[in-house]
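Shown here: my_file_0.pdb, PDB, C-alpha atoms and all ligand atoms.
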```pdb
ATOM      1  CA  MET A  26      24.795  29.995 -16.893
ATOM      2  CA  ALA A  27      25.708  26.467 -15.729
ATOM      3  CA  PRO A  28      23.305  25.116 -13.085
ATOM      4  CA  LEU A  29      24.380  24.931  -9.450
ATOM      5  CA  LEU A  30      23.234  21.299  -9.202
ATOM      6  CA  SER A  31      22.881  19.019 -12.172
ATOM      7  CA  ILE A  32      21.510  15.475 -11.832
ATOM      8  CA  LYS A  33      22.044  13.450 -14.977
ATOM      9  CA  ASP A  34      20.363  10.124 -15.679
ATOM     10  CA  LEU A  35      20.324   9.135 -12.009
ATOM     11  CA  THR A  36      19.076   5.678 -11.080
ATOM     12  CA  VAL A  37      19.061   4.415  -7.490
ATOM     13  CA  ASP A  38      18.238   0.806  -6.611
ATOM     14  CA  TYR A  39      17.901  -0.847  -3.208
ATOM     15  CA  ARG A  40      18.721  -4.493  -2.705
ATOM     16  CA  HIS A  41      15.930  -6.640  -1.317
ATOM     17  CA  GLU A  42      16.965 -10.261  -0.735
ATOM     18  CA  ASP A  43      18.485 -11.242  -4.097
ATOM     19  CA  ARG A  44      16.810  -8.517  -6.197
ATOM     20  CA  TRP A  45      17.593  -4.873  -6.962
ATOM     21  CA  LEU A  46      14.452  -2.730  -6.700
ATOM     22  CA  PRO A  47      14.287   0.725  -8.307
ATOM     23  CA  ALA A  48      13.648   3.770  -6.112
ATOM     24  CA  VAL A  49      14.700   6.477  -8.602
ATOM     25  CA  LYS A  50      14.855   5.876 -12.357
ATOM     26  CA  ASN A  51      16.649   7.848 -15.066
ATOM     27  CA  VAL A  52      16.124  11.220 -13.424
ATOM     28  CA  PHE A  53      17.463  14.434 -14.996
ATOM     29  CA  LEU A  54      17.142  17.600 -12.917
ATOM     30  CA  ASP A  55      18.988  20.941 -12.848
ATOM     31  CA  VAL A  56      18.749  23.519 -10.077
ATOM     32  CA  SER A  57      20.048  27.038 -10.770
ATOM     33  CA  GLU A  58      21.633  29.444  -8.275
ATOM     34  CA  GLY A  59      18.927  31.015  -6.121
ATOM     35  CA  GLU A  60      16.156  28.871  -7.583
ATOM     36  CA  THR A  61      13.603  26.809  -5.623
ATOM     37  CA  VAL A  62      12.519  23.521  -7.149
ATOM     38  CA  ALA A  63       9.726  21.593  -5.435
ATOM     39  CA  ILE A  64       9.635  17.810  -5.763
ATOM     40  CA  VAL A  65       6.112  16.513  -5.275
ATOM     41  CA  GLY A  66       4.701  13.012  -5.082
ATOM     42  CA  GLU A  67       3.018  10.393  -2.927
ATOM     43  CA  SER A  68       4.896   8.482  -0.200
ATOM     44  CA  GLY A  69       7.330   5.972  -1.680
ATOM     45  CA  CYS A  70       7.681   7.737  -5.050
ATOM     46  CA  GLY A  71      11.441   8.219  -4.570
ATOM     47  CA  LYS A  72      11.557  11.900  -3.666
ATOM     48  CA  SER A  73      13.474  11.470  -0.391
ATOM     49  CA  THR A  74      15.974   9.077  -2.016
ATOM     50  CA  LEU A  75      16.517  11.706  -4.704
ATOM     51  CA  ALA A  76      17.100  14.353  -2.019
ATOM     52  CA  LEU A  77      19.634  12.252  -0.098
ATOM     53  CA  THR A  78      21.745  11.488  -3.173
ATOM     54  CA  PRO A  79      23.586  14.839  -3.597
ATOM     55  CA  LEU A  80      24.554  14.727   0.091
ATOM     56  CA  GLY A  81      25.974  11.215  -0.192
ATOM     57  CA  LEU A  82      23.615  10.040   2.559
ATOM     58  CA  LEU A  83      22.385   6.870   0.858
ATOM     59  CA  PRO A  84      23.364   3.602   2.601
ATOM     60  CA  GLN A  85      26.998   2.680   1.999
ATOM     61  CA  ASP A  86      26.646  -0.939   3.169
ATOM     62  CA  GLY A  87      26.069  -2.564  -0.215
ATOM     63  CA  THR A  88      22.263  -2.403  -0.007
ATOM     64  CA  CYS A  89      22.075   0.542  -2.399
ATOM     65  CA  ARG A  90      23.586   1.188  -5.824
ATOM     66  CA  THR A  91      23.556   4.276  -8.019
ATOM     67  CA  THR A  92      24.272   5.025 -11.652
ATOM     68  CA  GLY A  93      24.382   8.393 -13.405
ATOM     69  CA  GLN A  94      26.082  11.624 -12.388
ATOM     70  CA  VAL A  95      25.436  14.422  -9.902
ATOM     71  CA  PHE A  96      27.360  17.661 -10.406
ATOM     72  CA  LEU A  97      27.643  20.537  -7.958
ATOM     73  CA  ASN A  98      28.971  23.311 -10.210
ATOM     74  CA  ASP A  99      31.648  21.407 -12.113
ATOM     75  CA  LYS A 100      32.349  18.719  -9.459
ATOM     76  CA  ASN A 101      30.948  15.256 -10.053
ATOM     77  CA  LEU A 102      29.909  14.280  -6.514
ATOM     78  CA  PHE A 103      30.096  10.561  -7.327
ATOM     79  CA  ASN A 104      33.850  10.922  -8.004
ATOM     80  CA  LEU A 105      34.649  12.479  -4.613
ATOM     81  CA  LYS A 106      36.271  10.554  -1.785
ATOM     82  CA  GLU A 107      34.143  10.206   1.376
ATOM     83  CA  GLU A 108      36.257  12.824   3.198
ATOM     84  CA  GLU A 109      35.723  15.345   0.352
ATOM     85  CA  ARG A 110      32.013  14.526   0.378
ATOM     86  CA  ARG A 111      31.846  15.054   4.138
ATOM     87  CA  LEU A 112      33.463  18.484   3.794
ATOM     88  CA  LEU A 113      30.825  19.451   1.248
ATOM     89  CA  ARG A 114      27.916  18.510   3.533
ATOM     90  CA  GLY A 115      26.741  21.509   5.482
ATOM     91  CA  ARG A 116      29.227  23.829   3.800
ATOM     92  CA  ARG A 117      27.876  23.794   0.217
ATOM     93  CA  ILE A 118      24.758  21.652   0.616
ATOM     94  CA  ALA A 119      22.712  21.502   3.811
ATOM     95  CA  MET A 120      19.584  19.597   4.697
ATOM     96  CA  VAL A 121      16.555  20.117   6.907
ATOM     97  CA  PHE A 122      14.728  16.894   7.732
ATOM     98  CA  GLN A 123      11.060  16.160   8.254
ATOM     99  CA  ASP A 124      10.925  15.381  11.957
ATOM    100  CA  PRO A 125      12.666  18.037  14.057
ATOM    101  CA  PHE A 126      12.419  15.924  17.224
ATOM    102  CA  SER A 127      14.260  12.879  15.934
ATOM    103  CA  SER A 128      16.834  15.089  14.157
ATOM    104  CA  LEU A 129      18.052  16.515  17.486
ATOM    105  CA  ASN A 130      19.845  14.559  20.205
ATOM    106  CA  PRO A 131      17.410  14.451  23.172
ATOM    107  CA  VAL A 132      20.133  14.331  25.865
ATOM    108  CA  LEU A 133      22.152  17.338  24.663
ATOM    109  CA  THR A 134      21.187  21.002  24.983
ATOM    110  CA  ILE A 135      20.389  23.065  21.898
ATOM    111  CA  ASN A 136      23.515  25.124  22.615
ATOM    112  CA  TYR A 137      25.747  22.021  22.614
ATOM    113  CA  GLN A 138      24.300  20.830  19.296
ATOM    114  CA  LEU A 139      24.452  24.248  17.652
ATOM    115  CA  GLN A 140      28.027  24.794  18.835
ATOM    116  CA  GLU A 141      29.080  21.498  17.192
ATOM    117  CA  ALA A 142      28.141  23.038  13.850
ATOM    118  CA  ILE A 143      29.757  26.396  14.737
ATOM    119  CA  ILE A 144      33.040  24.703  15.755
ATOM    120  CA  LEU A 145      33.212  23.087  12.306
ATOM    121  CA  LYS A 146      33.109  26.542  10.762
ATOM    122  CA  GLU A 147      34.933  28.773  13.236
ATOM    123  CA  GLY A 148      37.209  26.242  14.935
ATOM    124  CA  LYS A 149      35.838  27.058  18.411
ATOM    125  CA  PRO A 150      32.493  27.623  20.164
ATOM    126  CA  ASN A 151      31.022  31.092  19.745
ATOM    127  CA  HIS A 152      28.077  32.157  21.897
ATOM    128  CA  GLN A 153      27.405  35.279  19.850
ATOM    129  CA  THR A 154      27.214  33.297  16.590
ATOM    130  CA  ALA A 155      24.687  30.940  18.208
ATOM    131  CA  MET A 156      22.604  33.916  19.382
ATOM    132  CA  ASP A 157      22.758  35.537  15.925
ATOM    133  CA  LEU A 158      21.723  32.285  14.209
ATOM    134  CA  LEU A 159      18.695  31.881  16.474
ATOM    135  CA  LYS A 160      17.708  35.513  15.893
ATOM    136  CA  GLN A 161      18.024  34.967  12.145
ATOM    137  CA  VAL A 162      15.345  32.260  12.377
ATOM    138  CA  HIS A 163      13.198  34.580  14.537
ATOM    139  CA  LEU A 164      13.670  32.806  17.873
ATOM    140  CA  SER A 165      13.450  35.819  20.169
ATOM    141  CA  ASP A 166      13.988  33.962  23.456
ATOM    142  CA  ALA A 167      17.417  32.836  22.272
ATOM    143  CA  GLU A 168      19.174  32.520  25.682
ATOM    144  CA  ARG A 169      16.454  30.218  27.044
ATOM    145  CA  ILE A 170      16.343  28.151  23.853
ATOM    146  CA  LEU A 171      20.114  27.634  23.953
ATOM    147  CA  GLU A 172      19.937  26.282  27.498
ATOM    148  CA  SER A 173      16.980  23.998  26.710
ATOM    149  CA  TYR A 174      16.868  20.325  25.770
ATOM    150  CA  PRO A 175      14.861  19.480  22.644
ATOM    151  CA  HIS A 176      11.830  18.271  24.646
ATOM    152  CA  GLN A 177      11.625  21.630  26.425
ATOM    153  CA  ILE A 178      10.848  23.614  23.283
ATOM    154  CA  SER A 179       7.955  23.365  20.805
ATOM    155  CA  GLY A 180       7.979  21.531  17.444
ATOM    156  CA  GLY A 181       8.103  24.825  15.536
ATOM    157  CA  GLN A 182      11.026  26.053  17.663
ATOM    158  CA  ARG A 183      12.890  22.757  17.097
ATOM    159  CA  GLN A 184      12.463  23.110  13.333
ATOM    160  CA  ARG A 185      13.765  26.706  13.517
ATOM    161  CA  VAL A 186      16.810  25.445  15.456
ATOM    162  CA  LEU A 187      17.482  22.861  12.723
ATOM    163  CA  ILE A 188      17.171  25.534  10.051
ATOM    164  CA  ALA A 189      19.639  27.685  12.035
ATOM    165  CA  MET A 190      22.072  24.737  12.144
ATOM    166  CA  ALA A 191      21.716  24.243   8.386
ATOM    167  CA  LEU A 192      22.591  27.904   7.821
ATOM    168  CA  VAL A 193      25.838  27.975   9.840
ATOM    169  CA  HIS A 194      27.999  27.643   6.705
ATOM    170  CA  HIS A 195      25.774  29.726   4.393
ATOM    171  CA  PRO A 196      25.211  26.782   2.027
ATOM    172  CA  ALA A 197      24.651  27.355  -1.684
ATOM    173  CA  LEU A 198      21.884  24.742  -1.696
ATOM    174  CA  LEU A 199      19.388  23.850   1.023
ATOM    175  CA  ILE A 200      17.489  20.584   0.698
ATOM    176  CA  ALA A 201      14.312  20.647   2.786
ATOM    177  CA  ASP A 202      12.715  17.197   3.045
ATOM    178  CA  GLU A 203       9.074  17.719   4.050
ATOM    179  CA  PRO A 204      10.137  20.264   6.712
ATOM    180  CA  THR A 205       6.562  21.146   7.679
ATOM    181  CA  THR A 206       4.876  17.729   7.669
ATOM    182  CA  ALA A 207       5.290  17.056  11.401
ATOM    183  CA  LEU A 208       4.016  20.528  12.384
ATOM    184  CA  ASP A 209       0.499  21.884  12.845
ATOM    185  CA  VAL A 210      -0.957  24.059  10.111
ATOM    186  CA  THR A 211      -0.289  27.547  11.528
ATOM    187  CA  ILE A 212       3.326  26.645  12.345
ATOM    188  CA  GLN A 213       3.719  25.107   8.862
ATOM    189  CA  ASP A 214       2.945  28.478   7.314
ATOM    190  CA  GLU A 215       5.430  30.284   9.580
ATOM    191  CA  ILE A 216       8.210  27.827   8.649
ATOM    192  CA  LEU A 217       7.432  28.219   4.937
ATOM    193  CA  GLN A 218       7.598  32.010   5.222
ATOM    194  CA  LEU A 219      10.875  31.719   7.123
ATOM    195  CA  LEU A 220      12.442  29.468   4.479
ATOM    196  CA  LYS A 221      11.358  31.835   1.722
ATOM    197  CA  GLU A 222      12.753  34.840   3.571
ATOM    198  CA  LEU A 223      16.107  33.159   4.326
ATOM    199  CA  LYS A 224      16.468  31.846   0.799
ATOM    200  CA  THR A 225      16.107  35.373  -0.613
ATOM    201  CA  LYS A 226      18.282  36.978   2.053
ATOM    202  CA  LEU A 227      21.132  34.475   1.730
ATOM    203  CA  GLY A 228      20.792  33.873  -2.025
ATOM    204  CA  MET A 229      20.489  30.098  -1.589
ATOM    205  CA  ALA A 230      18.952  27.639  -3.997
ATOM    206  CA  MET A 231      16.478  25.212  -2.478
ATOM    207  CA  ILE A 232      15.051  21.785  -3.233
ATOM    208  CA  PHE A 233      11.764  21.498  -1.368
ATOM    209  CA  ILE A 234      10.348  17.992  -1.012
ATOM    210  CA  THR A 235       6.657  17.682  -0.256
ATOM    211  CA  HIS A 236       3.605  15.502  -0.807
ATOM    212  CA  ASN A 237       1.414  18.584  -0.457
ATOM    213  CA  MET A 238       0.476  20.212  -3.773
ATOM    214  CA  GLY A 239      -1.003  23.150  -1.854
ATOM    215  CA  ILE A 240       2.450  24.220  -0.621
ATOM    216  CA  VAL A 241       4.362  24.290  -3.915
ATOM    217  CA  LYS A 242       2.578  27.357  -5.257
ATOM    218  CA  ASN A 243       3.859  29.450  -2.350
ATOM    219  CA  ILE A 244       7.410  28.226  -2.256
ATOM    220  CA  SER A 245       8.759  27.134  -5.654
ATOM    221  CA  ASP A 246       9.812  28.559  -9.020
ATOM    222  CA  ARG A 247       9.643  25.159 -10.748
ATOM    223  CA  MET A 248       8.139  21.861  -9.717
ATOM    224  CA  ALA A 249       8.892  18.239 -10.535
ATOM    225  CA  VAL A 250       6.146  15.648 -10.078
ATOM    226  CA  MET A 251       7.441  12.171  -9.224
ATOM    227  CA  TYR A 252       5.715   8.844  -9.654
ATOM    228  CA  ALA A 253       7.245   5.400  -9.079
ATOM    229  CA  GLY A 254      10.800   6.798  -9.187
ATOM    230  CA  HIS A 255      10.313   8.835 -12.399
ATOM    231  CA  ILE A 256       9.943  12.575 -12.823
ATOM    232  CA  VAL A 257       6.755  12.488 -14.887
ATOM    233  CA  GLU A 258       6.316  16.249 -15.260
ATOM    234  CA  LEU A 259       8.676  19.183 -14.765
ATOM    235  CA  GLY A 260       8.022  22.838 -15.448
ATOM    236  CA  LYS A 261       7.428  26.295 -14.038
ATOM    237  CA  THR A 262       5.205  25.919 -10.989
ATOM    238  CA  ALA A 263       2.636  28.460 -12.177
ATOM    239  CA  ASP A 264       2.364  26.735 -15.588
ATOM    240  CA  VAL A 265       2.066  23.214 -14.159
ATOM    241  CA  LEU A 266      -0.585  24.247 -11.655
ATOM    242  CA  ALA A 267      -2.546  26.252 -14.239
ATOM    243  CA  ALA A 268      -2.468  23.576 -16.950
ATOM    244  CA  PRO A 269      -1.093  20.202 -15.835
ATOM    245  CA  LYS A 270      -0.216  17.930 -18.757
ATOM    246  CA  HIS A 271       0.594  14.516 -17.310
ATOM    247  CA  PRO A 272      -2.515  12.506 -16.313
ATOM    248  CA  TYR A 273      -0.992  11.881 -12.866
ATOM    249  CA  THR A 274      -0.461  15.613 -12.211
ATOM    250  CA  GLN A 275      -4.001  16.261 -13.437
ATOM    251  CA  ALA A 276      -5.412  13.620 -11.069
ATOM    252  CA  LEU A 277      -3.410  14.985  -8.118
ATOM    253  CA  LEU A 278      -4.701  18.495  -8.722
ATOM    254  CA  ARG A 279      -8.291  17.313  -9.192
ATOM    255  CA  SER A 280      -8.161  15.651  -5.788
ATOM    256  CA  LEU A 281      -7.264  18.899  -3.963
ATOM    257  CA  PRO A 282     -10.196  20.280  -1.913
ATOM    258  CA  LYS A 283     -11.418  23.678  -3.153
ATOM    259  CA  LEU A 284     -12.446  26.578  -0.952
ATOM    260  CA  THR A 285     -14.819  28.066  -3.545
ATOM    261  CA  GLY A 286     -17.620  26.719  -5.747
ATOM    262  CA  SER A 287     -20.387  24.276  -4.954
ATOM    263  CA  LEU A 288     -20.054  21.492  -2.436
ATOM    264  CA  GLY A 289     -19.511  18.064  -3.942
ATOM    265  CA  THR A 290     -17.487  14.910  -3.756
ATOM    266  CA  ILE A 291     -13.748  15.322  -4.230
ATOM    267  CA  PRO A 292     -12.560  13.076  -7.071
ATOM    268  CA  VAL A 293     -10.195  10.522  -5.577
ATOM    269  CA  MET A 294      -7.494   8.780  -7.579
ATOM    270  CA  GLU A 295      -8.201   5.064  -7.468
ATOM    271  CA  GLY A 296      -5.502   2.555  -6.567
ATOM    272  CA  GLN A 297      -2.062   2.865  -4.995
ATOM    273  CA  PRO A 298       1.407   3.590  -6.375
ATOM    274  CA  PRO A 299       3.097   0.322  -7.384
ATOM    275  CA  GLU A 300       5.435  -1.492  -5.020
ATOM    276  CA  PRO A 301       9.022  -1.448  -6.377
ATOM    277  CA  SER A 302       8.914  -5.265  -6.257
ATOM    278  CA  ALA A 303       5.792  -5.371  -8.450
ATOM    279  CA  MET A 304       6.353  -2.597 -10.988
ATOM    280  CA  PRO A 305       3.880  -2.995 -13.886
ATOM    281  CA  ALA A 306       5.173  -3.348 -17.445
ATOM    282  CA  GLY A 307       5.002  -0.255 -19.644
ATOM    283  CA  CYS A 308       4.074   3.071 -18.047
ATOM    284  CA  PRO A 309       4.097   2.583 -14.249
ATOM    285  CA  PHE A 310       1.008   4.798 -13.966
ATOM    286  CA  HIS A 311      -1.115   2.836 -16.463
ATOM    287  CA  PRO A 312      -3.137   0.776 -13.910
ATOM    288  CA  ARG A 313      -4.438   4.069 -12.435
ATOM    289  CA  CYS A 314      -4.542   6.258 -15.519
ATOM    290  CA  ASP A 315      -7.889   7.358 -16.941
ATOM    291  CA  ARG A 316      -6.348   7.959 -20.400
ATOM    292  CA  THR A 317      -4.417   4.721 -20.787
ATOM    293  CA  PHE A 318      -4.319   3.017 -24.182
ATOM    294  CA  GLU A 319      -2.750  -0.122 -25.599
ATOM    295  CA  ARG A 320       0.803   1.177 -25.971
ATOM    296  CA  CYS A 321       0.913   2.265 -22.296
ATOM    297  CA  GLU A 322       0.849  -1.347 -21.095
ATOM    298  CA  LYS A 323       3.839  -2.301 -23.233
ATOM    299  CA  GLU A 324       6.233   0.657 -23.425
ATOM    300  CA  ASP A 325       7.658   2.826 -20.661
ATOM    301  CA  PRO A 326       7.365   6.373 -22.087
ATOM    302  CA  PHE A 327      10.433   8.557 -22.650
ATOM    303  CA  GLU A 328      10.593  12.069 -21.334
ATOM    304  CA  ARG A 329       9.635  14.644 -23.973
ATOM    305  CA  ASP A 330       9.640  18.430 -24.208
ATOM    306  CA  SER A 331       6.194  19.897 -24.642
ATOM    307  CA  ASP A 332       6.003  23.720 -24.811
ATOM    308  CA  GLY A 333       8.776  24.294 -22.282
ATOM    309  CA  ARG A 334       7.494  21.464 -20.064
ATOM    310  CA  ARG A 335       9.089  18.023 -19.667
ATOM    311  CA  VAL A 336       6.478  15.284 -19.655
ATOM    312  CA  GLN A 337       6.881  11.511 -19.546
ATOM    313  CA  CYS A 338       3.747  10.171 -21.216
ATOM    314  CA  HIS A 339       2.851   8.596 -24.574
ATOM    315  CA  LEU A 340       0.236  11.300 -25.136
ATOM    316  CA  PHE A 341       3.061  13.797 -25.825
TER     317      PHE A 341
HETATM  318 FE1  LIG A 401      -1.461   7.388 -18.920
HETATM  319 FE2  LIG A 401      -0.331   6.146 -20.973
HETATM  320 FE3  LIG A 401       0.449   8.586 -20.327
HETATM  321 FE4  LIG A 401       1.074   6.536 -18.765
HETATM  322  S1  LIG A 401       1.768   6.871 -20.856
HETATM  323  S2  LIG A 401       0.305   8.497 -18.125
HETATM  324  S3  LIG A 401      -0.770   5.288 -18.949
HETATM  325  S4  LIG A 401      -1.571   7.969 -21.071
END
```
Let me see the file written as structure tokens.
Ligand code: SF4
Amino acid sequence: MAPLLSIKDLTVDYRHEDRWLPAVKNVFLDVSEGETVAIVGESGCGKSTLALTPLGLLPQDGTCRTTGQVFLNDKNLFNLKEEERRLLRGRRIAMVFQDPFSSLNPVLTINYQLQEAIILKEGKPNHQTAMDLLKQVHLSDAERILESYPHQISGGQRQRVLIAMALVHHPALLIADEPTTALDVTIQDEILQLLKELKTKLGMAMIFITHNMGIVKNISDRMAVMYAGHIVELGKTADVLAAPKHPYTQALLRSLPKLTGSLGTIPVMEGQPPEPSAMPAGCPFHPRCDRTFERCEKEDPFERDSDGRRVQCHLF
């Protein structure tokens, strides 16, 4: 079956003074109907830029350029006019952002902001739809929440409101960009459970962006590990976590604290991801890689299939 979303050879550059700096490089990624794909990586690795691309939310002021193709079913999103793209946002693809406070307008009530989304679908405000949406995201005190301003409800409640807004049109694909990062740990778990429940109930596919390797096991069917704009490893989540192949994935997993076993120092990955303006020659991970060899400093590795896994490393 054809994938719901298909990203083919996508490269995104941002202009800085008189140079174009890469944020995403030669990325291929398919997402099937009903599937959850987690995109994992450190800050600045390009995962949020990748997430914004299908929605057409990258800057349109000449500071950003893209090459490649992004298909939703059989539609190439890069060929659509802005009006067609706008109609797709929310209806077929919806997004939940990281910070629920800055995603809501502080001077408008929740009801006003939710009704804006409902009007787009139903042509007029509908109090019952708003109540049903809030109940769907398990906000029991729905009447009070609707009358509240964003600062009058908690961070977890604000994120549930944003998820409710994203669901107004029953999108085929939900893109969640670090939706739990700004929340405390117990609320994070509740939001994850909610997203999983809604995804199954509504049959949505989901792209879940996170820098937290601990979350992907609970939420995703497949995971893509990003480094310096590349997807360096892609495979079934259980397989990648059980036997990571790329040295970067291995180092990330080694640095996770363990709840069992003897106490000891957690191995920390030395160094920082490269700045886009100072990308090293060859494999971008080679200055930090504990398995680097001569070829790594000269040649950027191609992506290769390795036992059902896609890995971008000269070792494969
Ligand atoms: Fe390490 Fe070389 Fe593989 Fe890059 S290509 S991850 S430097 S072994």
First collect every listed atom of ligand LIG 401 (chain A); then fit an axis-aligned box around them, widen it by 8 Å on each side, and give centre and edge lengths in Å to one decimal, as JSON.
```
{"center_x": 0.1, "center_y": 6.9, "center_z": -19.6, "size_x": 19.3, "size_y": 19.3, "size_z": 18.9}
```
Q: Find the spatial neighbours of Thr235 of chain A, counting all atoms listed in the file, within a cut-off of 12 Å - ignore same-chain residues fewer than 5 positions away - and output them as a ChimeraX atom specification.
A: /A:62-73,76,122-123,200-207,217,240-242,244-245,248-251
Q) Do you know which residues are at most 7 Å from segment 160-175 of chain A counting all atoms listed in the file, after dropping those on the same chain fewer than 4 positions away, and could you put them as a PyMOL selection string? A) chain A and resi 126+129+131-136+156+183+185+189+219
Restricting it to C-alpha atoms, dump the selection as a PDB file, in the frame of the given file.
```pdb
ATOM      1  CA  PHE A 126      12.419  15.924  17.224  1.00  0.00           C
ATOM      2  CA  LEU A 129      18.052  16.515  17.486  1.00  0.00           C
ATOM      3  CA  PRO A 131      17.410  14.451  23.172  1.00  0.00           C
ATOM      4  CA  VAL A 132      20.133  14.331  25.865  1.00  0.00           C
ATOM      5  CA  LEU A 133      22.152  17.338  24.663  1.00  0.00           C
ATOM      6  CA  THR A 134      21.187  21.002  24.983  1.00  0.00           C
ATOM      7  CA  ILE A 135      20.389  23.065  21.898  1.00  0.00           C
ATOM      8  CA  ASN A 136      23.515  25.124  22.615  1.00  0.00           C
ATOM      9  CA  MET A 156      22.604  33.916  19.382  1.00  0.00           C
ATOM     10  CA  ARG A 183      12.890  22.757  17.097  1.00  0.00           C
ATOM     11  CA  ARG A 185      13.765  26.706  13.517  1.00  0.00           C
ATOM     12  CA  ALA A 189      19.639  27.685  12.035  1.00  0.00           C
ATOM     13  CA  LEU A 219      10.875  31.719   7.123  1.00  0.00           C
TER      14      LEU A 219
END
```
Select the residues contacting ligand LIG 401 (chain A) at a distance of at most 7 Å, based on only C-alpha atoms and all ligand atoms, then format the selection as a short mmCIF file (atom, residue, chain, number, x, y, z; two decimals) with C-alpha atoms, in the frame of the given file.
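Generated file (result34.cif):
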```
data_model
loop_
_atom_site.label_atom_id
_atom_site.label_comp_id
_atom_site.auth_asym_id
_atom_site.auth_seq_id
_atom_site.Cartn_x
_atom_site.Cartn_y
_atom_site.Cartn_z
CA HIS A 271 0.59 14.52 -17.31
CA PRO A 272 -2.52 12.51 -16.31
CA TYR A 273 -0.99 11.88 -12.87
CA CYS A 308 4.07 3.07 -18.05
CA PRO A 309 4.10 2.58 -14.25
CA PHE A 310 1.01 4.80 -13.97
CA HIS A 311 -1.12 2.84 -16.46
CA CYS A 314 -4.54 6.26 -15.52
CA ASP A 315 -7.89 7.36 -16.94
CA ARG A 316 -6.35 7.96 -20.40
CA THR A 317 -4.42 4.72 -20.79
CA PHE A 318 -4.32 3.02 -24.18
CA CYS A 321 0.91 2.26 -22.30
CA PRO A 326 7.36 6.37 -22.09
CA CYS A 338 3.75 10.17 -21.22
CA HIS A 339 2.85 8.60 -24.57
CA LEU A 340 0.24 11.30 -25.14
#
```
Q | Surrounding residues of Leu105 of chain A excluding itself and chain neighbours under 4 positions, 12 Å, only C-alpha atoms, as a ChimeraX atom specification | A | /A:79-81,94-97,100-101,109-113
Q) At what distance in Å, to one decimal, does atom CA of Lys221 of chain A lie from atom CA of Val265 of chain A? A) 20.3 Å
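With all atoms listed in the file as the atoms that count, the residue of A:Asp325, A:Gln213, A:Pro292, A:Lys146 with the shortest distance to Gln275 of chain A is A:Pro292.
Among A:Val193, A:Ile256, A:Ala119, A:Met238, the residue with the shortest atom-to-atom distance to Glu141 of chain A, counting all atoms listed in the file, is A:Val193.
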Q: Identify the residues within 8 Å of coordinate (16.7, 28.7, -7.2) (same frame as the file), considering all atoms listed in the file, and give the answer as a list in words.
A: Val56, Ser57, Glu58, Gly59, Glu60, Thr61, Val62, Met229, Ala230, Met231 and Asp246 of chain A
Q.
Taking the file as I've supplied it (selection: the PyMOL selection byres (((chain A and resi 45) around 12) and not hetatm)), which residues are included? Please answer as a ChimeraX atom specification.
A. /A:36-44,46-49,87-91,301-303
Output C-alpha atoms for every residue in the selection just made, as a PDB file, in the frame of the given file.
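Wrote it out as out.pdb, contents follow:
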```
ATOM      1  CA  THR A  36      19.076   5.678 -11.080  1.00  0.00           C
ATOM      2  CA  VAL A  37      19.061   4.415  -7.490  1.00  0.00           C
ATOM      3  CA  ASP A  38      18.238   0.806  -6.611  1.00  0.00           C
ATOM      4  CA  TYR A  39      17.901  -0.847  -3.208  1.00  0.00           C
ATOM      5  CA  ARG A  40      18.721  -4.493  -2.705  1.00  0.00           C
ATOM      6  CA  HIS A  41      15.930  -6.640  -1.317  1.00  0.00           C
ATOM      7  CA  GLU A  42      16.965 -10.261  -0.735  1.00  0.00           C
ATOM      8  CA  ASP A  43      18.485 -11.242  -4.097  1.00  0.00           C
ATOM      9  CA  ARG A  44      16.810  -8.517  -6.197  1.00  0.00           C
ATOM     10  CA  LEU A  46      14.452  -2.730  -6.700  1.00  0.00           C
ATOM     11  CA  PRO A  47      14.287   0.725  -8.307  1.00  0.00           C
ATOM     12  CA  ALA A  48      13.648   3.770  -6.112  1.00  0.00           C
ATOM     13  CA  VAL A  49      14.700   6.477  -8.602  1.00  0.00           C
ATOM     14  CA  GLY A  87      26.069  -2.564  -0.215  1.00  0.00           C
ATOM     15  CA  THR A  88      22.263  -2.403  -0.007  1.00  0.00           C
ATOM     16  CA  CYS A  89      22.075   0.542  -2.399  1.00  0.00           C
ATOM     17  CA  ARG A  90      23.586   1.188  -5.824  1.00  0.00           C
ATOM     18  CA  THR A  91      23.556   4.276  -8.019  1.00  0.00           C
ATOM     19  CA  PRO A 301       9.022  -1.448  -6.377  1.00  0.00           C
ATOM     20  CA  SER A 302       8.914  -5.265  -6.257  1.00  0.00           C
ATOM     21  CA  ALA A 303       5.792  -5.371  -8.450  1.00  0.00           C
TER      22      ALA A 303
END
```
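Here atom CA of Asp209 of chain A is placed at a distance of 13.7 Å from atom CA of Asn237 of chain A.
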Q: Measuring atom to atom with all atoms listed in the file, identify which of A:Asp214, A:Pro299, A:His152, A:His195 is nearest to Arg116 of chain A.
A: A:His195
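As for atom CA of Leu139 of chain A and atom CA of Gly180 of chain A, they are spaced 16.7 Å apart.
Against this structure, the PyMOL selection byres (((chain A and resi 55) around 7) and not hetatm) ends up with A:Pro28, A:Leu30, A:Ser31, A:Ile32, A:Leu54, A:Val56, A:Ser57.
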